[in-house]
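The data block below is data.txt; it holds compact mmCIF, N, CA and C atoms.
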# COMPACT_ATOMS: atom_id res chain seq x y z
N MET H 38 0.83 -1.19 0.00
CA MET H 38 0.00 0.00 0.00
C MET H 38 0.87 1.25 0.00
N THR H 39 0.39 2.26 -0.64
CA THR H 39 1.12 3.52 -0.66
C THR H 39 0.65 4.42 0.47
N LEU H 40 1.39 5.48 0.70
CA LEU H 40 1.04 6.44 1.75
C LEU H 40 -0.37 6.99 1.54
N HIS H 41 -0.73 7.25 0.31
CA HIS H 41 -2.04 7.84 0.01
C HIS H 41 -3.19 6.88 0.31
N GLN H 42 -2.95 5.59 0.26
CA GLN H 42 -4.00 4.62 0.54
C GLN H 42 -4.30 4.51 2.04
N HIS H 43 -3.41 5.01 2.89
CA HIS H 43 -3.60 4.95 4.34
C HIS H 43 -4.30 6.19 4.90
N ARG H 44 -4.66 7.11 4.10
CA ARG H 44 -5.29 8.35 4.56
C ARG H 44 -6.79 8.22 4.71
N SER H 45 -7.24 7.31 5.52
CA SER H 45 -8.68 7.12 5.66
C SER H 45 -9.25 7.81 6.90
N ARG H 46 -8.41 8.23 7.86
CA ARG H 46 -8.90 8.86 9.07
C ARG H 46 -8.60 10.36 9.07
N ALA H 47 -9.57 11.12 9.48
CA ALA H 47 -9.39 12.56 9.55
C ALA H 47 -8.83 12.94 10.91
N VAL H 48 -8.06 13.98 10.95
CA VAL H 48 -7.52 14.52 12.19
C VAL H 48 -8.05 15.92 12.36
N SER H 49 -8.48 16.25 13.56
CA SER H 49 -9.03 17.58 13.82
C SER H 49 -8.38 18.17 15.06
N LEU H 50 -8.16 19.46 15.05
CA LEU H 50 -7.67 20.18 16.20
C LEU H 50 -8.89 20.63 16.99
N LEU H 51 -9.08 20.07 18.19
CA LEU H 51 -10.29 20.34 18.96
C LEU H 51 -10.06 21.24 20.17
N GLY H 52 -8.82 21.42 20.55
CA GLY H 52 -8.55 22.26 21.70
C GLY H 52 -7.10 22.69 21.72
N THR H 53 -6.85 23.81 22.34
CA THR H 53 -5.49 24.30 22.49
C THR H 53 -5.31 24.82 23.91
N GLY H 54 -4.08 24.90 24.32
CA GLY H 54 -3.76 25.46 25.63
C GLY H 54 -2.38 26.05 25.56
N HIS H 55 -2.08 26.92 26.49
CA HIS H 55 -0.74 27.51 26.53
C HIS H 55 -0.36 27.82 27.98
N ALA H 56 0.91 27.91 28.23
CA ALA H 56 1.42 28.28 29.55
C ALA H 56 2.75 28.98 29.36
N LEU H 57 2.99 30.00 30.13
CA LEU H 57 4.24 30.75 30.06
C LEU H 57 4.98 30.67 31.39
N PRO H 58 6.30 30.69 31.35
CA PRO H 58 7.06 30.75 32.59
C PRO H 58 6.67 31.98 33.41
N SER H 59 6.88 31.90 34.72
CA SER H 59 6.35 32.93 35.61
C SER H 59 7.16 34.21 35.70
N VAL H 60 8.44 34.18 35.39
CA VAL H 60 9.27 35.39 35.52
C VAL H 60 9.14 36.22 34.25
N VAL H 61 8.73 37.47 34.41
CA VAL H 61 8.54 38.37 33.27
C VAL H 61 9.60 39.47 33.35
N MET H 62 10.29 39.70 32.22
CA MET H 62 11.26 40.79 32.15
C MET H 62 10.98 41.60 30.90
N THR H 63 10.79 42.89 31.08
CA THR H 63 10.56 43.77 29.93
C THR H 63 11.90 44.19 29.35
N SER H 64 11.87 44.71 28.15
CA SER H 64 13.08 45.24 27.54
C SER H 64 13.61 46.42 28.34
N THR H 65 12.71 47.17 28.95
CA THR H 65 13.13 48.29 29.81
C THR H 65 13.93 47.76 31.00
N ASP H 66 13.45 46.67 31.62
CA ASP H 66 14.19 46.04 32.71
C ASP H 66 15.57 45.59 32.25
N LEU H 67 15.63 44.98 31.08
CA LEU H 67 16.89 44.48 30.55
C LEU H 67 17.84 45.64 30.23
N ASP H 68 17.31 46.72 29.67
CA ASP H 68 18.13 47.92 29.44
C ASP H 68 18.79 48.38 30.73
N ARG H 69 17.98 48.44 31.79
CA ARG H 69 18.48 48.88 33.10
C ARG H 69 19.56 47.93 33.62
N THR H 70 19.30 46.62 33.50
CA THR H 70 20.24 45.62 33.99
C THR H 70 21.57 45.68 33.25
N LEU H 71 21.53 45.93 31.96
CA LEU H 71 22.74 45.95 31.12
C LEU H 71 23.33 47.35 30.94
N ASN H 72 22.75 48.32 31.65
CA ASN H 72 23.22 49.72 31.57
C ASN H 72 23.16 50.27 30.14
N HIS H 73 22.09 49.93 29.43
CA HIS H 73 21.87 50.48 28.08
C HIS H 73 20.93 51.67 28.19
N ALA H 74 20.96 52.51 27.18
CA ALA H 74 20.02 53.63 27.12
C ALA H 74 18.60 53.07 26.99
N PRO H 75 17.61 53.73 27.62
CA PRO H 75 16.23 53.25 27.52
C PRO H 75 15.80 53.05 26.06
N GLY H 76 15.18 51.93 25.78
CA GLY H 76 14.68 51.63 24.44
C GLY H 76 15.65 50.90 23.54
N THR H 77 16.90 50.72 23.98
CA THR H 77 17.92 50.09 23.13
C THR H 77 17.57 48.65 22.79
N ILE H 78 17.27 47.84 23.79
CA ILE H 78 17.00 46.41 23.56
C ILE H 78 15.78 46.22 22.67
N GLU H 79 14.71 46.96 22.95
CA GLU H 79 13.50 46.81 22.13
C GLU H 79 13.76 47.25 20.70
N ARG H 80 14.50 48.32 20.52
CA ARG H 80 14.81 48.81 19.17
C ARG H 80 15.64 47.78 18.40
N LEU H 81 16.60 47.16 19.07
CA LEU H 81 17.48 46.19 18.40
C LEU H 81 16.82 44.84 18.17
N SER H 82 15.99 44.41 19.11
CA SER H 82 15.41 43.05 19.02
C SER H 82 13.95 43.03 18.58
N GLY H 83 13.23 44.12 18.84
CA GLY H 83 11.79 44.13 18.55
C GLY H 83 10.98 43.42 19.62
N VAL H 84 11.64 42.95 20.67
CA VAL H 84 10.97 42.21 21.74
C VAL H 84 10.70 43.15 22.91
N ARG H 85 9.45 43.17 23.39
CA ARG H 85 9.09 44.03 24.51
C ARG H 85 9.11 43.30 25.85
N VAL H 86 8.69 42.02 25.84
CA VAL H 86 8.56 41.26 27.08
C VAL H 86 9.11 39.85 26.87
N ARG H 87 9.83 39.36 27.87
CA ARG H 87 10.36 37.99 27.85
C ARG H 87 9.84 37.25 29.08
N HIS H 88 9.70 35.95 28.94
CA HIS H 88 9.29 35.10 30.06
C HIS H 88 10.42 34.11 30.32
N PHE H 89 10.84 34.03 31.58
CA PHE H 89 11.91 33.11 31.97
C PHE H 89 11.37 32.14 33.01
N ALA H 90 11.79 30.90 32.88
CA ALA H 90 11.39 29.88 33.86
C ALA H 90 12.26 30.00 35.11
N ARG H 91 11.62 29.82 36.26
CA ARG H 91 12.37 29.71 37.51
C ARG H 91 13.12 28.38 37.48
N ARG H 92 14.07 28.21 38.38
CA ARG H 92 14.83 26.95 38.44
C ARG H 92 13.92 25.76 38.70
N ASP H 93 12.82 25.97 39.41
CA ASP H 93 11.92 24.85 39.73
C ASP H 93 10.81 24.67 38.71
N GLU H 94 10.80 25.45 37.63
CA GLU H 94 9.81 25.30 36.56
C GLU H 94 10.44 24.53 35.40
N THR H 95 9.80 23.46 34.97
CA THR H 95 10.32 22.67 33.86
C THR H 95 9.39 22.78 32.66
N ALA H 96 9.90 22.38 31.52
CA ALA H 96 9.06 22.34 30.31
C ALA H 96 7.89 21.39 30.51
N ALA H 97 8.12 20.30 31.22
CA ALA H 97 7.05 19.34 31.48
C ALA H 97 5.94 19.97 32.32
N MET H 98 6.30 20.78 33.29
CA MET H 98 5.29 21.46 34.11
C MET H 98 4.46 22.42 33.27
N LEU H 99 5.12 23.17 32.39
CA LEU H 99 4.40 24.10 31.52
C LEU H 99 3.51 23.33 30.54
N ALA H 100 4.01 22.22 30.03
CA ALA H 100 3.21 21.39 29.12
C ALA H 100 1.98 20.84 29.82
N ALA H 101 2.12 20.41 31.07
CA ALA H 101 0.99 19.89 31.82
C ALA H 101 -0.07 20.97 32.05
N ALA H 102 0.38 22.19 32.36
CA ALA H 102 -0.56 23.30 32.55
C ALA H 102 -1.30 23.60 31.24
N ALA H 103 -0.57 23.61 30.13
CA ALA H 103 -1.20 23.86 28.83
C ALA H 103 -2.16 22.72 28.46
N ALA H 104 -1.77 21.50 28.75
CA ALA H 104 -2.63 20.35 28.44
C ALA H 104 -3.93 20.40 29.22
N SER H 105 -3.86 20.86 30.47
CA SER H 105 -5.09 20.98 31.26
C SER H 105 -6.09 21.91 30.59
N LEU H 106 -5.59 22.99 30.03
CA LEU H 106 -6.47 23.91 29.30
C LEU H 106 -7.02 23.28 28.03
N ALA H 107 -6.15 22.57 27.32
CA ALA H 107 -6.55 21.98 26.05
C ALA H 107 -7.53 20.83 26.21
N LEU H 108 -7.44 20.13 27.33
CA LEU H 108 -8.24 18.92 27.53
C LEU H 108 -9.63 19.16 28.11
N ALA H 109 -10.03 20.39 28.24
CA ALA H 109 -11.32 20.69 28.85
C ALA H 109 -12.46 19.87 28.25
N ASP H 110 -12.52 19.73 26.93
CA ASP H 110 -13.61 18.99 26.29
C ASP H 110 -13.09 17.91 25.34
N ILE H 111 -11.91 17.40 25.60
CA ILE H 111 -11.28 16.45 24.69
C ILE H 111 -11.05 15.12 25.41
N ASP H 112 -11.21 14.03 24.69
CA ASP H 112 -11.03 12.70 25.26
C ASP H 112 -9.62 12.14 25.07
N CYS H 113 -8.86 12.67 24.11
CA CYS H 113 -7.54 12.11 23.80
C CYS H 113 -6.59 13.23 23.42
N LEU H 114 -5.34 13.10 23.82
CA LEU H 114 -4.32 14.10 23.50
C LEU H 114 -3.10 13.41 22.96
N VAL H 115 -2.56 13.93 21.87
CA VAL H 115 -1.30 13.46 21.31
C VAL H 115 -0.33 14.62 21.43
N ALA H 116 0.83 14.38 22.07
CA ALA H 116 1.80 15.46 22.28
C ALA H 116 3.20 14.95 21.96
N ALA H 117 4.06 15.88 21.59
CA ALA H 117 5.46 15.54 21.32
C ALA H 117 6.33 16.65 21.87
N SER H 118 7.54 16.30 22.29
CA SER H 118 8.46 17.29 22.83
C SER H 118 9.88 16.90 22.49
N GLY H 119 10.72 17.88 22.35
CA GLY H 119 12.14 17.63 22.12
C GLY H 119 12.97 17.93 23.33
N THR H 120 12.34 18.15 24.48
CA THR H 120 13.08 18.47 25.69
C THR H 120 13.47 17.21 26.46
N GLN H 121 14.40 17.35 27.38
CA GLN H 121 14.92 16.20 28.11
C GLN H 121 14.09 15.83 29.33
N ASP H 122 13.23 16.71 29.82
CA ASP H 122 12.50 16.38 31.06
C ASP H 122 11.14 15.79 30.83
Go ahead and render the structure in this file as structure tokens.
Amino acid sequence: MTLHQHRSRAVSLLGTGHALPSVVMTSTDLDRTLNHAPGTIERLSGVRVRHFARRDETAAMLAAAAASLALADIDCLVAASGTQD
């Protein structure tokens, strides 16, 4: 059988979820930390806000939080990750 002959089942996206690390740093904060003129980091990177994980926050914890949101009305979840935890 060819790949095309196996396409008998449809796949649908029924829910999504997201989670961000808890530490928030603005470009203004980063400018201050690095002793740059105000607005330098945002002008150079285009990024206004960054989220950093605490030492006790793992990718798996964030994935679990996002999955909880996604699974509200779903019976099955398929997930993949390239992280080590």
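A straight line drawn from atom C of Val61 of chain H to atom N of Ala74 of chain H is 18.4 Å long.
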Pick out the residues sitting within 7 Å of Arg91 of chain H, and hand them over as a list in words; count all atoms listed in the file, and ignore anything fewer than 4 positions along from it in its own chain. Pro58, Ser59, Val60 and Thr95 of chain H
Q | Shell around segment 105-115 of chain H at 8 Å using all atoms listed in the file, local window under 4 positions removed, as a count of residues only | A | 8
- request: Go ahead and compute the interatomic distance for atom CA of Thr63 of chain H and atom CA of Arg87 of chain H, in Å to one decimal.
  value: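 Value for the atom CA of Thr63 of chain H-atom CA of Arg87 of chain H distance: 6.1 Å.
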- Find the distance between atom N of Ala104 of chain H and atom C of Val84 of chain H and write it in Å to one decimal.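 These two atoms are separated by 25.7 Å.
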Extract the full set of alpha helix (DSSP H) residues from segment 38-118 of chain H according to DSSP on the backbone, and format it as a count of residues only.
25
(request) Name the residues of chain H that fall into strand (DSSP E) according to DSSP on the backbone, using the chain letters and numbers of this document, as a ChimeraX atom specification. (result) /H:60-63,86-89
Limited to N, CA and C atoms, could you put the picked residues into a file as a PDB file, keeping the file's coordinate frame?
ATOM      1  N   VAL H  60       8.440  34.180  35.390  1.00  0.00           N
ATOM      2  CA  VAL H  60       9.270  35.390  35.520  1.00  0.00           C
ATOM      3  C   VAL H  60       9.140  36.220  34.250  1.00  0.00           C
ATOM      4  N   VAL H  61       8.730  37.470  34.410  1.00  0.00           N
ATOM      5  CA  VAL H  61       8.540  38.370  33.270  1.00  0.00           C
ATOM      6  C   VAL H  61       9.600  39.470  33.350  1.00  0.00           C
ATOM      7  N   MET H  62      10.290  39.700  32.220  1.00  0.00           N
ATOM      8  CA  MET H  62      11.260  40.790  32.150  1.00  0.00           C
ATOM      9  C   MET H  62      10.980  41.600  30.900  1.00  0.00           C
ATOM     10  N   THR H  63      10.790  42.890  31.080  1.00  0.00           N
ATOM     11  CA  THR H  63      10.560  43.770  29.930  1.00  0.00           C
ATOM     12  C   THR H  63      11.900  44.190  29.350  1.00  0.00           C
ATOM     13  N   VAL H  86       8.690  42.020  25.840  1.00  0.00           N
ATOM     14  CA  VAL H  86       8.560  41.260  27.080  1.00  0.00           C
ATOM     15  C   VAL H  86       9.110  39.850  26.870  1.00  0.00           C
ATOM     16  N   ARG H  87       9.830  39.360  27.870  1.00  0.00           N
ATOM     17  CA  ARG H  87      10.360  37.990  27.850  1.00  0.00           C
ATOM     18  C   ARG H  87       9.840  37.250  29.080  1.00  0.00           C
ATOM     19  N   HIS H  88       9.700  35.950  28.940  1.00  0.00           N
ATOM     20  CA  HIS H  88       9.290  35.100  30.060  1.00  0.00           C
ATOM     21  C   HIS H  88      10.420  34.110  30.320  1.00  0.00           C
ATOM     22  N   PHE H  89      10.840  34.030  31.580  1.00  0.00           N
ATOM     23  CA  PHE H  89      11.910  33.110  31.970  1.00  0.00           C
ATOM     24  C   PHE H  89      11.370  32.140  33.010  1.00  0.00           C
TER      25      PHE H  89
END
Output segment 110-121 of chain H as an mmCIF file, in the frame of the given file, making sure N, CA, C and O atoms are there.
data_model
loop_
_atom_site.group_PDB
_atom_site.id
_atom_site.type_symbol
_atom_site.label_atom_id
_atom_site.label_comp_id
_atom_site.auth_asym_id
_atom_site.auth_seq_id
_atom_site.Cartn_x
_atom_site.Cartn_y
_atom_site.Cartn_z
ATOM 1 N N ASP H 110 -12.520 19.730 26.930
ATOM 2 C CA ASP H 110 -13.610 18.990 26.290
ATOM 3 C C ASP H 110 -13.090 17.910 25.340
ATOM 4 O O ASP H 110 -13.780 17.531 24.395
ATOM 5 N N ILE H 111 -11.910 17.400 25.600
ATOM 6 C CA ILE H 111 -11.280 16.450 24.690
ATOM 7 C C ILE H 111 -11.050 15.120 25.410
ATOM 8 O O ILE H 111 -10.698 15.083 26.578
ATOM 9 N N ASP H 112 -11.210 14.030 24.690
ATOM 10 C CA ASP H 112 -11.030 12.700 25.260
ATOM 11 C C ASP H 112 -9.620 12.140 25.070
ATOM 12 O O ASP H 112 -9.208 11.231 25.771
ATOM 13 N N CYS H 113 -8.860 12.670 24.110
ATOM 14 C CA CYS H 113 -7.540 12.110 23.800
ATOM 15 C C CYS H 113 -6.590 13.230 23.420
ATOM 16 O O CYS H 113 -6.978 14.203 22.784
ATOM 17 N N LEU H 114 -5.340 13.100 23.820
ATOM 18 C CA LEU H 114 -4.320 14.100 23.500
ATOM 19 C C LEU H 114 -3.100 13.410 22.960
ATOM 20 O O LEU H 114 -2.637 12.402 23.520
ATOM 21 N N VAL H 115 -2.560 13.930 21.870
ATOM 22 C CA VAL H 115 -1.300 13.460 21.310
ATOM 23 C C VAL H 115 -0.330 14.620 21.430
ATOM 24 O O VAL H 115 -0.623 15.729 20.987
ATOM 25 N N ALA H 116 0.830 14.380 22.070
ATOM 26 C CA ALA H 116 1.800 15.460 22.280
ATOM 27 C C ALA H 116 3.200 14.950 21.960
ATOM 28 O O ALA H 116 3.475 13.755 22.059
ATOM 29 N N ALA H 117 4.060 15.880 21.590
ATOM 30 C CA ALA H 117 5.460 15.540 21.320
ATOM 31 C C ALA H 117 6.330 16.650 21.870
ATOM 32 O O ALA H 117 5.915 17.811 21.933
ATOM 33 N N SER H 118 7.540 16.300 22.290
ATOM 34 C CA SER H 118 8.460 17.290 22.830
ATOM 35 C C SER H 118 9.880 16.900 22.490
ATOM 36 O O SER H 118 10.200 15.717 22.386
ATOM 37 N N GLY H 119 10.720 17.880 22.350
ATOM 38 C CA GLY H 119 12.140 17.630 22.120
ATOM 39 C C GLY H 119 12.970 17.930 23.330
ATOM 40 O O GLY H 119 14.191 17.938 23.264
ATOM 41 N N THR H 120 12.340 18.150 24.480
ATOM 42 C CA THR H 120 13.080 18.470 25.690
ATOM 43 C C THR H 120 13.470 17.210 26.460
ATOM 44 O O THR H 120 12.909 16.150 26.234
ATOM 45 N N GLN H 121 14.400 17.350 27.380
ATOM 46 C CA GLN H 121 14.920 16.200 28.110
ATOM 47 C C GLN H 121 14.090 15.830 29.330
ATOM 48 O O GLN H 121 14.257 14.773 29.886
#
